[in-house]
Amino acid sequence: MSTSSAAPILSAALATPAPPVVHDSGADTAPGVIVVESCTTLGTTLVVRLAGEIDHFSAAPLRALLASAADDGCTGLVLDASRVTFCDSGFLAVLDWWPQQGRRLRLANPSRAVQHLLNAVAPARRQRAHAGSLTAAGRS
């Protein structure tokens, strides 16, 4: 059984799109966009030049790229971050992940945004390293 009707389901007043509602929470909720401008290998070292914004969401493709490189045997990583305009803990997570399993990391040309983030977390990282060295010394 089929029925057909030429009458619209919604009246004309309800069918017109409502104007967009803008909610300004003060924070940017759009995910950042990271661009891998270049990616090359020199022996077992991966050299990546980044540009744009690195946040929790945009860091995922970067993590995938690095995981693939690690699986392919890359043990060194040089990240040129001179054109990174914003970064947050998503970028830190990538920086912390790579050196696991004895891999080497060098952050080249950190932009102001990257340097600002590194300076902000430096005291906590020093404190964590100091606590770890005290724990290791106590085991000897």
# chains A, B, ... in the order shown; residues from 1 in each chain; ligands from 1
>>> residues_around(residues="stretch 101-116 of chain A", least_positions_apart="2", cutoff="12 Å", atoms="only C-alpha atoms", output="PyMOL selection string")
chain A and resi 44-55+66-67+69-71+73-92+94-99+118-122
>>> select_by_dssp(residues="stretch 58-139 of chain A", states="strand (DSSP E or B)", output="MDAnalysis selection string")
chainID A and resid 76:87 104:108
>>> atom_distance(atom1="atom CA of A:Leu65", atom2="atom CA of A:Leu117")
22.4 Å
>>> atom_distance(atom1="atom CA of A:Ala64", atom2="atom CA of A:Glu37")
15.9 Å
>>> atom_distance(atom1="atom CA of A:Ala93", atom2="atom CA of A:Asp72")
20.8 Å
